[in-house]
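Structure data (TSV, C-alpha atoms and all ligand atoms) from my_file29.tsv:
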```
chain	number	residue	atom	x	y	z
A	1	MET	CA	-4.82	-32.90	11.86
A	2	ASN	CA	-8.41	-31.90	11.21
A	3	ASN	CA	-9.37	-28.24	11.03
A	4	ILE	CA	-10.96	-27.92	14.45
A	5	LYS	CA	-7.88	-29.43	16.10
A	6	LYS	CA	-5.70	-27.08	14.09
A	7	TYR	CA	-7.87	-24.13	15.12
A	8	LYS	CA	-7.73	-25.09	18.78
A	9	LYS	CA	-3.97	-25.57	18.68
A	10	ILE	CA	-3.48	-22.07	17.29
A	11	PHE	CA	-5.54	-20.63	20.14
A	12	ILE	CA	-3.62	-22.61	22.73
A	13	GLU	CA	-0.27	-21.56	21.32
A	14	THR	CA	-1.13	-17.91	20.68
A	15	PHE	CA	-2.71	-17.26	24.07
A	16	ASN	CA	-0.84	-19.77	26.15
A	17	ALA	CA	-4.25	-21.18	27.09
A	18	LYS	CA	-5.27	-24.50	28.60
A	19	GLU	CA	-7.03	-26.96	26.33
A	20	ASN	CA	-10.12	-27.24	28.55
A	21	GLU	CA	-10.72	-23.47	28.71
A	22	VAL	CA	-9.98	-22.48	25.14
A	23	CYS	CA	-13.59	-22.85	23.91
A	24	GLN	CA	-14.79	-20.21	26.36
A	25	LEU	CA	-12.26	-17.58	25.37
A	26	THR	CA	-13.50	-14.19	24.27
A	27	TYR	CA	-11.67	-11.08	23.13
A	28	GLN	CA	-10.01	-9.31	26.06
A	29	SER	CA	-11.18	-11.99	28.52
A	30	THR	CA	-7.53	-12.82	29.18
A	31	PRO	CA	-4.51	-10.51	29.22
A	32	GLU	CA	-3.04	-12.47	26.29
A	33	TRP	CA	-6.03	-11.82	24.01
A	34	ASP	CA	-5.52	-8.07	23.76
A	35	SER	CA	-5.35	-6.20	20.45
A	36	VAL	CA	-1.77	-7.26	19.79
A	37	GLY	CA	-2.60	-10.86	20.67
A	38	HIS	CA	-5.60	-10.61	18.37
A	39	MET	CA	-3.46	-9.63	15.40
A	40	ASN	CA	-1.06	-12.48	16.21
A	41	LEU	CA	-4.02	-14.88	16.25
A	42	ILE	CA	-5.22	-13.54	12.89
A	43	THR	CA	-1.75	-13.88	11.35
A	44	ALA	CA	-1.44	-17.46	12.60
A	45	LEU	CA	-4.90	-18.41	11.31
A	46	GLU	CA	-4.28	-16.80	7.92
A	47	GLU	CA	-1.01	-18.66	7.58
A	48	ASN	CA	-2.36	-22.03	8.66
A	49	PHE	CA	-5.62	-21.89	6.74
A	50	ASP	CA	-4.10	-20.09	3.74
A	51	LEU	CA	-6.58	-17.22	3.57
A	52	MET	CA	-6.86	-13.50	4.19
A	53	PHE	CA	-9.58	-12.14	6.44
A	54	GLU	CA	-11.38	-8.97	5.54
A	55	THR	CA	-11.03	-6.11	8.00
A	56	ASP	CA	-14.67	-6.45	9.12
A	57	ASP	CA	-14.12	-10.13	9.90
A	58	ILE	CA	-11.05	-9.28	11.96
A	59	VAL	CA	-13.05	-6.76	13.97
A	60	ASP	CA	-16.06	-9.09	14.40
A	61	PHE	CA	-13.88	-12.00	15.52
A	62	ASN	CA	-14.52	-11.62	19.25
A	63	SER	CA	-14.68	-15.19	20.53
A	64	TYR	CA	-13.54	-18.74	19.88
A	65	GLU	CA	-17.03	-19.58	18.67
A	66	LYS	CA	-17.36	-16.53	16.44
A	67	GLY	CA	-14.01	-17.40	14.85
A	68	ILE	CA	-15.38	-20.77	13.71
A	69	GLU	CA	-18.32	-19.00	12.09
A	70	ILE	CA	-15.99	-16.60	10.30
A	71	LEU	CA	-13.74	-19.41	9.07
A	72	ARG	CA	-16.81	-21.18	7.66
A	73	LYS	CA	-17.81	-17.96	5.91
A	74	ASN	CA	-14.36	-17.96	4.33
A	75	GLY	CA	-14.91	-21.45	2.91
A	76	ILE	CA	-13.07	-23.47	5.57
A	77	GLU	CA	-14.79	-26.71	6.56
A	78	ILE	CA	-14.69	-26.72	10.29
B	1	MET	CA	17.65	8.34	-18.50
B	2	GLU	CA	18.20	4.64	-17.95
B	3	SER	CA	19.69	3.61	-14.65
B	4	ARG	CA	20.25	-0.13	-14.43
B	5	TYR	CA	21.75	-0.76	-11.06
B	6	ASN	CA	19.83	-4.00	-10.54
B	7	LEU	CA	18.85	-2.75	-7.13
B	8	LEU	CA	15.56	-4.64	-7.12
B	9	THR	CA	16.44	-8.01	-8.62
B	10	ASN	CA	13.83	-10.60	-7.63
B	11	LYS	CA	11.95	-8.17	-5.42
B	12	VAL	CA	8.17	-8.44	-5.77
B	13	VAL	CA	6.53	-5.02	-5.97
B	14	LEU	CA	3.01	-3.60	-6.32
B	15	ILE	CA	2.65	-0.11	-7.81
B	16	THR	CA	-0.69	1.70	-8.17
B	17	GLY	CA	-1.54	4.14	-10.95
B	18	CYS	CA	1.04	2.84	-13.45
B	19	ASN	CA	-0.61	4.01	-16.66
B	20	ARG	CA	0.68	7.58	-16.64
B	21	GLY	CA	2.66	10.27	-14.87
B	22	ILE	CA	4.75	9.42	-11.84
B	23	GLY	CA	3.43	5.85	-11.57
B	24	LYS	CA	4.52	5.04	-15.11
B	25	ALA	CA	8.01	6.41	-14.44
B	26	ILE	CA	8.26	4.30	-11.26
B	27	LEU	CA	7.11	1.24	-13.19
B	28	LYS	CA	9.84	1.74	-15.79
B	29	LYS	CA	12.58	2.50	-13.26
B	30	PHE	CA	11.71	-0.51	-11.13
B	31	ALA	CA	11.57	-2.78	-14.19
B	32	GLU	CA	15.01	-1.50	-15.29
B	33	ASN	CA	16.26	-2.53	-11.89
B	34	GLY	CA	14.98	-6.06	-12.15
B	35	ALA	CA	11.84	-5.98	-10.02
B	36	ILE	CA	8.94	-8.37	-10.54
B	37	ILE	CA	6.05	-5.93	-10.69
B	38	TYR	CA	2.31	-6.12	-10.20
B	39	ALA	CA	1.46	-2.99	-12.13
B	40	SER	CA	-1.97	-1.60	-11.40
B	41	ALA	CA	-4.32	0.69	-13.29
B	42	ARG	CA	-8.07	0.95	-13.31
B	43	GLN	CA	-8.76	0.79	-17.05
B	44	SER	CA	-8.70	-2.84	-18.13
B	45	GLY	CA	-6.03	-3.68	-20.73
B	46	ILE	CA	-4.27	-0.31	-20.61
B	47	LEU	CA	-1.00	-1.77	-19.32
B	48	ASP	CA	-0.87	-4.92	-21.42
B	49	VAL	CA	1.50	-3.55	-24.06
B	50	ILE	CA	3.93	-1.76	-21.77
B	51	ALA	CA	3.99	-4.75	-19.41
B	52	GLU	CA	5.05	-7.06	-22.21
B	53	GLU	CA	7.61	-4.58	-23.55
B	54	LEU	CA	9.25	-4.04	-20.17
B	55	SER	CA	9.16	-7.75	-19.30
B	56	ASN	CA	11.03	-8.58	-22.51
B	57	LYS	CA	13.44	-5.68	-22.39
B	58	TYR	CA	14.58	-6.30	-18.84
B	59	THR	CA	13.93	-10.05	-18.65
B	60	THR	CA	11.66	-9.73	-15.70
B	61	LYS	CA	7.93	-10.14	-15.07
B	62	ILE	CA	5.48	-7.27	-15.19
B	63	ILE	CA	1.99	-8.46	-14.31
B	64	PRO	CA	-0.85	-6.02	-14.99
B	65	VAL	CA	-3.66	-5.96	-12.43
B	66	TYR	CA	-6.74	-3.87	-13.05
B	67	PHE	CA	-8.78	-2.41	-10.22
B	68	ASP	CA	-10.06	0.83	-8.76
B	69	VAL	CA	-8.12	1.49	-5.56
B	70	ARG	CA	-11.40	2.36	-3.81
B	71	ASP	CA	-12.54	-1.26	-4.16
B	72	SER	CA	-11.34	-3.01	-1.01
B	73	ASN	CA	-12.47	-6.41	-2.27
B	74	ALA	CA	-10.31	-6.00	-5.34
B	75	ILE	CA	-7.35	-5.07	-3.12
B	76	LYS	CA	-7.86	-8.26	-1.16
B	77	GLU	CA	-8.02	-10.32	-4.37
B	78	VAL	CA	-4.75	-8.83	-5.60
B	79	ALA	CA	-3.07	-9.50	-2.25
B	80	LEU	CA	-4.28	-13.12	-2.41
B	81	LYS	CA	-3.00	-13.42	-5.98
B	82	ILE	CA	0.45	-12.11	-5.06
B	83	ASN	CA	0.59	-14.35	-2.02
B	84	LYS	CA	-0.38	-17.35	-4.10
B	85	GLU	CA	1.99	-16.65	-6.98
B	86	PHE	CA	5.12	-15.49	-5.15
B	87	LYS	CA	4.39	-15.97	-1.45
B	88	ARG	CA	6.10	-12.64	-0.86
B	89	LEU	CA	5.74	-8.92	-1.37
B	90	ASP	CA	8.82	-6.77	-0.91
B	91	CYS	CA	7.52	-3.34	-1.74
B	92	ILE	CA	4.36	-1.39	-2.47
B	93	VAL	CA	4.15	2.08	-3.95
B	94	ASN	CA	0.91	3.88	-3.17
B	95	ASN	CA	1.01	6.32	-6.05
B	96	ALA	CA	-2.54	6.53	-7.45
B	97	GLY	CA	-4.05	9.84	-6.48
B	98	VAL	CA	-6.52	12.53	-7.45
B	99	MET	CA	-6.35	16.31	-7.15
B	100	GLU	CA	-9.36	18.56	-7.39
B	101	ASP	CA	-8.75	22.16	-6.42
B	102	ALA	CA	-11.47	24.05	-4.53
B	103	LEU	CA	-11.52	27.37	-2.75
B	104	ILE	CA	-12.96	27.50	0.75
B	105	GLY	CA	-16.73	27.69	0.29
B	106	MET	CA	-16.58	25.54	-2.83
B	107	ALA	CA	-15.28	22.27	-1.44
B	108	THR	CA	-18.19	19.89	-1.97
B	109	GLU	CA	-19.01	16.81	0.04
B	110	ARG	CA	-18.39	14.74	-3.09
B	111	ASN	CA	-14.93	16.26	-3.62
B	112	MET	CA	-14.02	15.52	0.00
B	113	GLN	CA	-15.31	11.93	-0.15
B	114	ASP	CA	-13.67	11.15	-3.50
B	115	THR	CA	-10.34	12.69	-2.60
B	116	PHE	CA	-10.06	10.92	0.73
B	117	ALA	CA	-11.32	7.62	-0.70
B	118	VAL	CA	-8.47	7.51	-3.23
B	119	ASN	CA	-5.66	9.42	-1.53
B	120	VAL	CA	-6.11	8.18	2.02
B	121	PHE	CA	-8.55	5.29	2.62
B	122	ALA	CA	-7.23	3.22	-0.29
B	123	VAL	CA	-3.67	3.71	0.95
B	124	ILE	CA	-4.63	2.45	4.41
B	125	ASN	CA	-6.45	-0.54	2.90
B	126	ILE	CA	-3.54	-1.50	0.68
B	127	ILE	CA	-1.13	-1.20	3.61
B	128	GLN	CA	-3.38	-3.46	5.71
B	129	TYR	CA	-3.33	-6.26	3.14
B	130	ALA	CA	0.33	-5.82	2.16
B	131	ALA	CA	1.40	-5.91	5.80
B	132	LYS	CA	-0.13	-9.38	6.15
B	133	ILE	CA	2.30	-10.76	3.59
B	134	MET	CA	5.25	-8.62	4.69
B	135	LYS	CA	4.86	-9.58	8.36
B	136	LYS	CA	5.25	-13.25	7.49
B	137	GLN	CA	8.51	-12.64	5.66
B	138	GLN	CA	9.63	-10.06	8.28
B	139	SER	CA	10.63	-7.46	5.73
B	140	GLY	CA	9.16	-4.95	3.31
B	141	SER	CA	9.18	-1.37	2.11
B	142	ILE	CA	6.02	0.70	1.81
B	143	ILE	CA	6.28	3.94	-0.14
B	144	ASN	CA	3.47	6.48	-0.09
B	145	ILE	CA	3.33	9.43	-2.44
B	146	SER	CA	2.33	12.54	-0.50
B	147	SER	CA	2.89	16.10	-1.73
B	148	ILE	CA	4.66	19.30	-0.76
B	149	VAL	CA	1.20	20.79	-0.13
B	150	GLY	CA	0.60	18.08	2.48
B	151	VAL	CA	3.44	19.63	4.45
B	152	ASN	CA	2.94	23.35	3.79
B	153	GLY	CA	-0.68	23.67	2.67
B	154	ASN	CA	-1.71	25.73	-0.34
B	155	ALA	CA	-4.47	28.22	-1.13
B	156	GLY	CA	-7.19	26.55	-3.19
B	157	GLN	CA	-6.24	23.07	-2.02
B	158	ILE	CA	-7.91	22.67	1.36
B	159	VAL	CA	-9.20	19.20	0.48
B	160	TYR	CA	-6.23	17.87	-1.49
B	161	SER	CA	-3.62	19.20	0.97
B	162	ALA	CA	-5.52	17.65	3.89
B	163	SER	CA	-5.52	14.28	2.15
B	164	LYS	CA	-1.79	14.49	1.47
B	165	GLY	CA	-1.12	15.62	5.05
B	166	ALA	CA	-2.98	12.51	6.15
B	167	VAL	CA	-0.62	10.43	4.02
B	168	ILE	CA	2.32	11.80	6.01
B	169	SER	CA	0.79	11.02	9.40
B	170	LEU	CA	-0.39	7.58	8.38
B	171	THR	CA	3.12	6.88	7.07
B	172	LYS	CA	4.61	7.76	10.45
B	173	SER	CA	2.07	5.69	12.37
B	174	ALA	CA	2.51	2.67	10.13
B	175	ALA	CA	6.30	2.99	10.40
B	176	LYS	CA	6.04	2.83	14.19
B	177	GLU	CA	3.66	-0.11	14.19
B	178	LEU	CA	5.47	-2.15	11.57
B	179	ALA	CA	9.11	-1.51	12.58
B	180	PRO	CA	9.20	-4.60	14.84
B	181	TYR	CA	8.51	-6.67	11.72
B	182	ASN	CA	11.33	-4.95	9.81
B	183	ILE	CA	8.78	-3.34	7.50
B	184	ARG	CA	9.75	0.19	6.51
B	185	VAL	CA	7.24	2.88	5.66
B	186	ASN	CA	8.28	6.14	4.05
B	187	ALA	CA	6.71	8.91	2.03
B	188	ILE	CA	7.85	11.09	-0.83
B	189	SER	CA	6.58	14.63	-1.17
B	190	PRO	CA	6.94	15.75	-4.77
B	191	GLY	CA	6.95	19.43	-5.58
B	192	MET	CA	5.69	20.40	-9.02
B	193	ILE	CA	6.16	17.52	-11.38
B	194	ASP	CA	5.52	17.56	-15.10
B	195	THR	CA	2.45	15.29	-15.39
B	196	ASP	CA	-1.20	15.59	-16.45
B	197	MET	CA	-2.11	16.30	-12.84
B	198	PHE	CA	0.14	19.32	-12.50
B	199	ARG	CA	-0.60	20.63	-15.98
B	200	SER	CA	-4.35	20.40	-15.26
B	201	ILE	CA	-4.09	23.79	-13.50
B	202	GLY	CA	-3.52	25.55	-16.85
B	203	GLU	CA	-0.45	27.00	-18.59
B	204	THR	CA	-0.54	30.46	-16.97
B	205	ARG	CA	-0.64	29.04	-13.47
B	206	VAL	CA	2.00	26.45	-14.33
B	207	ASN	CA	4.36	29.27	-15.36
B	208	GLU	CA	3.54	31.29	-12.26
B	209	ARG	CA	4.24	28.32	-10.06
B	210	ILE	CA	7.55	27.52	-11.72
B	211	GLN	CA	8.74	30.91	-10.46
B	212	LYS	CA	8.35	29.55	-6.94
B	213	ILE	CA	10.80	26.74	-7.62
B	214	GLY	CA	14.40	27.44	-6.56
B	215	MET	CA	15.72	25.44	-9.52
B	216	LYS	CA	13.31	27.26	-11.85
B	217	ARG	CA	12.00	24.15	-13.54
B	218	MET	CA	9.40	21.46	-12.96
B	219	GLY	CA	10.58	18.10	-11.71
B	220	SER	CA	10.32	15.09	-14.01
B	221	PRO	CA	8.42	11.93	-13.04
B	222	GLU	CA	11.75	10.09	-13.32
B	223	GLU	CA	13.16	12.20	-10.51
B	224	ILE	CA	10.39	10.97	-8.22
B	225	ALA	CA	11.05	7.43	-9.45
B	226	ASP	CA	14.73	7.79	-8.42
B	227	ALA	CA	13.68	8.56	-4.85
B	228	ALA	CA	11.23	5.64	-4.90
B	229	LEU	CA	13.99	3.34	-6.16
B	230	PHE	CA	16.18	4.33	-3.22
B	231	LEU	CA	13.37	3.69	-0.74
B	232	ALA	CA	12.44	0.36	-2.32
B	233	SER	CA	16.02	-0.89	-2.34
B	234	ASP	CA	18.22	-2.15	0.47
B	235	LEU	CA	20.20	1.09	0.27
B	236	SER	CA	17.59	2.52	2.64
B	237	LYS	CA	17.23	-0.51	4.90
B	238	TYR	CA	17.57	1.50	8.15
B	239	ILE	CA	15.32	4.36	7.02
B	240	SER	CA	11.68	4.39	8.08
B	241	GLY	CA	9.01	6.91	9.05
B	242	GLN	CA	10.62	9.57	6.86
B	243	LEU	CA	9.33	12.04	4.33
B	244	ILE	CA	11.65	12.81	1.44
B	245	GLY	CA	10.96	16.06	-0.38
B	246	VAL	CA	11.74	15.94	-4.10
B	247	ASP	CA	10.96	19.48	-5.17
B	248	GLY	CA	14.02	21.37	-6.43
B	249	VAL	CA	13.62	23.75	-3.47
B	250	THR	CA	10.04	24.86	-3.90
B	251	ILE	CA	8.64	27.63	-1.72
B	252	ILE	CA	4.91	27.41	-1.07
A	301	LIG	N1	2.35	15.94	-10.47
A	301	LIG	C1	2.63	16.61	-9.38
A	301	LIG	O1	3.09	17.76	-9.46
A	301	LIG	C2	2.45	15.98	-8.03
A	301	LIG	C3	2.87	16.70	-6.92
A	301	LIG	C4	2.72	16.16	-5.66
A	301	LIG	C5	2.16	14.91	-5.50
A	301	LIG	N2	1.73	14.21	-6.59
A	301	LIG	C6	1.14	12.89	-6.35
A	301	LIG	O2	1.79	11.92	-7.14
A	301	LIG	C7	0.89	10.86	-7.46
A	301	LIG	C8	0.89	10.64	-8.97
A	301	LIG	O3	0.48	11.85	-9.58
A	301	LIG	P1	0.64	12.18	-11.13
A	301	LIG	O4	1.10	13.58	-11.21
A	301	LIG	O5	1.39	11.09	-11.80
A	301	LIG	O6	-0.92	12.18	-11.51
A	301	LIG	P2	-1.70	11.70	-12.81
A	301	LIG	O7	-0.84	11.87	-14.01
A	301	LIG	O8	-3.00	12.41	-12.74
A	301	LIG	O9	-1.90	10.15	-12.54
A	301	LIG	C9	-2.71	9.71	-11.48
A	301	LIG	C10	-2.75	8.20	-11.49
A	301	LIG	O10	-3.60	7.75	-10.42
A	301	LIG	C11	-4.59	6.87	-10.97
A	301	LIG	N3	-5.83	6.88	-10.22
A	301	LIG	C12	-6.59	7.95	-9.86
A	301	LIG	N4	-7.71	7.54	-9.23
A	301	LIG	C13	-7.67	6.18	-9.20
A	301	LIG	C14	-8.53	5.17	-8.69
A	301	LIG	N5	-9.68	5.47	-8.08
A	301	LIG	N6	-8.15	3.88	-8.82
A	301	LIG	C15	-6.99	3.55	-9.43
A	301	LIG	N7	-6.14	4.46	-9.94
A	301	LIG	C16	-6.47	5.75	-9.83
A	301	LIG	C17	-4.79	7.39	-12.37
A	301	LIG	O11	-5.48	6.44	-13.17
A	301	LIG	P3	-6.42	6.92	-14.42
A	301	LIG	O12	-5.48	7.21	-15.57
A	301	LIG	O13	-7.32	5.78	-14.64
A	301	LIG	O14	-7.12	8.18	-13.97
A	301	LIG	C18	-3.35	7.65	-12.79
A	301	LIG	O15	-2.72	6.45	-13.13
A	301	LIG	C19	-0.47	11.27	-6.89
A	301	LIG	O16	-0.67	10.65	-5.64
A	301	LIG	C20	-0.31	12.77	-6.71
A	301	LIG	O17	-1.18	13.29	-5.74
A	301	LIG	C21	1.86	14.72	-7.85
```

Show me this structure written as structure tokens.
Ligand SMILES: NC(=O)c1ccc[n+]([C@@H]2O[C@H](COP(=O)([O-])OP(=O)(O)OC[C@H]3O[C@@H](n4cnc5c(N)ncnc54)[C@H](OP(=O)(O)O)[C@@H]3O)[C@@H](O)[C@H]2O)c1
Amino acid sequence: MNNIKKYKKIFIETFNAKENEVCQLTYQSTPEWDSVGHMNLITALEENFDLMFETDDIVDFNSYEKGIEILRKNGIEI
Amino acid sequence: MESRYNLLTNKVVLITGCNRGIGKAILKKFAENGAIIYASARQSGILDVIAEELSNKYTTKIIPVYFDVRDSNAIKEVALKINKEFKRLDCIVNNAGVMEDALIGMATERNMQDTFAVNVFAVINIIQYAAKIMKKQQSGSIINISSIVGVNGNAGQIVYSASKGAVISLTKSAAKELAPYNIRVNAISPGMIDTDMFRSIGETRVNERIQKIGMKRMGSPEEIADAALFLASDLSKYISGQLIGVDGVTII
């Protein structure tokens, strides 16, 4: 599975989201993406992409799009 | 006194401030009990000899890691290293600390910043990275070294006591937040322990203070290490959010 598919799958599974709406998701735009959901998302991404985000990245990660930018910053080709 | 109960066999541990005082005693005690230890200090090379000695003596692995606990990037690097090498982290001991006494009116901005950077902010940072690994394995023990003055306060220690009080409250908050992941968080509050830090107050004051100890003697670093061993081991697996005083009944 390529990285973008992997990334999308994690969003879908963590937030119980539909595939066609996942790209529009932003922090706290759905009840599932609250602060607890956010930490679950971070844990899943760290595990699947084998990295550790810095605290500032975790705080800045406020949308699906922004997450891609942050993964790139962390050396993930996506 | 040696105490080989093998309570920590195969447990992966990170201890800060291992080069002297309480941290060094914890390092030795944990090695005796079979732990695999990432031993930290800030002066490069200072732990190389003791790490090799303890590794050979107790047929375990002591891995020195050198960083200043105020450097959050370095903390991240160490967490990544541990995750890569062992894929687990069973225990951390936040021991590194500084104490600079100051009367009210003489507590400088620098003293406040330095004290909180080491005694509080670094502890929070280390917990944040350690919890990432511990959450995945759904277990872990976090031990923070507070102080009796963090509970009772002490004249001349407005800054230091506040930082150690913060260690107690952050311990309780982390215990609440991490309990669902079976990660335990506890603190130890030493009384007056025979280390460079305590002796830095001068001989006259040391003797005065010993009079305030019910048992009429200073504690040894090993006695703090015994409490840390208990908290690191499975003997305390249902204990979290607690503060254990190790002070020989000290009245402050
Ligand atoms: N001794 C007591 O009576 C007593 C009582 C209550 C609580 N405590 C607490 O127990 C802990 C250990 O104290 P101790 O008596 O063993 O003190 P110590 O002999 O002064 O040792 C302090 C340790 O912390 C390290 N450290 C300080 N700043 C650091 C930094 N920025 N980065 C990395 N390491 C740093 C020191 O490294 P360097 O050698 O490089 O400076 C040293 O290894 C401290 O948290 C202290 O507040 C002690």

(request) Using all atoms listed in the file, select each residue of chain A with any atom at most 10 Å away from an atom of chain B, and give the selection as an MDAnalysis selection string. (result) chainID A and resid 39 42:44 46:47 50:55

Show me, as AutoDock Vina command-line options, the centre and edge lengths in Å to one decimal of the axis-aligned box that covers every listed atom of region 34-53 of chain B with 5 Å on each side.
```
--center_x 3.1 --center_y -3.7 --center_z -17.0 --size_x 33.7 --size_y 19.3 --size_z 24.0
```

(request) With all atoms listed in the file counted, collect every polymer residue having an atom within 6 Å of ligand LIG 301 (chain A); state the result as a PyMOL selection string. (result) chain B and resi 17-23+41-43+68-70+95-98+118+145-147+190-198

(message) Would you compute the distance between CA of Asn152 (chain B) and CA of Asp114 (chain B)? Give it in Å to one decimal.
(response)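 Taking CA of Asn152 (chain B) as the start and CA of Asp114 (chain B) as the end point, the length is 21.9 Å.
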
Within 9 Å of Gly153 (chain B), counting only C-alpha atoms, which residues qualify if same-chain residues fewer than 3 places away don't, as an mmCIF file with C-alpha atoms, in the frame of the given file?
```cif
data_model
loop_
_atom_site.group_PDB
_atom_site.id
_atom_site.type_symbol
_atom_site.label_atom_id
_atom_site.label_comp_id
_atom_site.auth_asym_id
_atom_site.auth_seq_id
_atom_site.Cartn_x
_atom_site.Cartn_y
_atom_site.Cartn_z
ATOM 1 C CA ILE B 148 4.660 19.300 -0.760
ATOM 2 C CA VAL B 149 1.200 20.790 -0.130
ATOM 3 C CA GLY B 150 0.600 18.080 2.480
ATOM 4 C CA GLN B 157 -6.240 23.070 -2.020
ATOM 5 C CA ILE B 158 -7.910 22.670 1.360
ATOM 6 C CA SER B 161 -3.620 19.200 0.970
ATOM 7 C CA ALA B 162 -5.520 17.650 3.890
ATOM 8 C CA GLY B 165 -1.120 15.620 5.050
ATOM 9 C CA ILE B 252 4.910 27.410 -1.070
#
```

(message) What's the separation between CA of Ser236 (chain B) and CA of Ile213 (chain B), in Å to one decimal place?
(response) 27.2 Å

(request) Using only C-alpha atoms, find the one residue out of A:Val59, A:Leu41, A:Asp34, A:Gly75 that sits nearest to Tyr7 (chain A). (result)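 Closest to Tyr7 (chain A) of all the choices is A:Leu41.
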
(message) Can you tell me which residues surround Thr30 (chain A) at a distance of at most 10 Å, considering all atoms listed in the file, apart from same-chain residues fewer than 5 positions away, and format the answer as JSON, numbers by chain?
(response) {"A": [15, 17, 25]}

(message) Just to confirm, what's the straight-line distance from CA of Thr115 (chain B) to CA of Arg199 (chain B) in Å (one decimal)?
(response)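 Atom-to-atom, CA of Thr115 (chain B) and CA of Arg199 (chain B) are spaced 18.4 Å apart.
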
(message) as a list in words, please: the residues near region 44-49 of chain B (cut-off 9 Å, only C-alpha atoms, same-chain neighbours under 3 positions excluded).
(response)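 Within the cut-off, the hits are Cys18, Asn19, Ala39, Ser40, Ala41, Glu52, Glu53, Leu54, Ile63, Pro64, Val65, Tyr66 and Phe67 of chain B.
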
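Considering only C-alpha atoms, the residue among B:Thr59, B:Gln137, B:Ile82, B:Ile142 positioned nearest to Lys237 (chain B) is B:Ile142.
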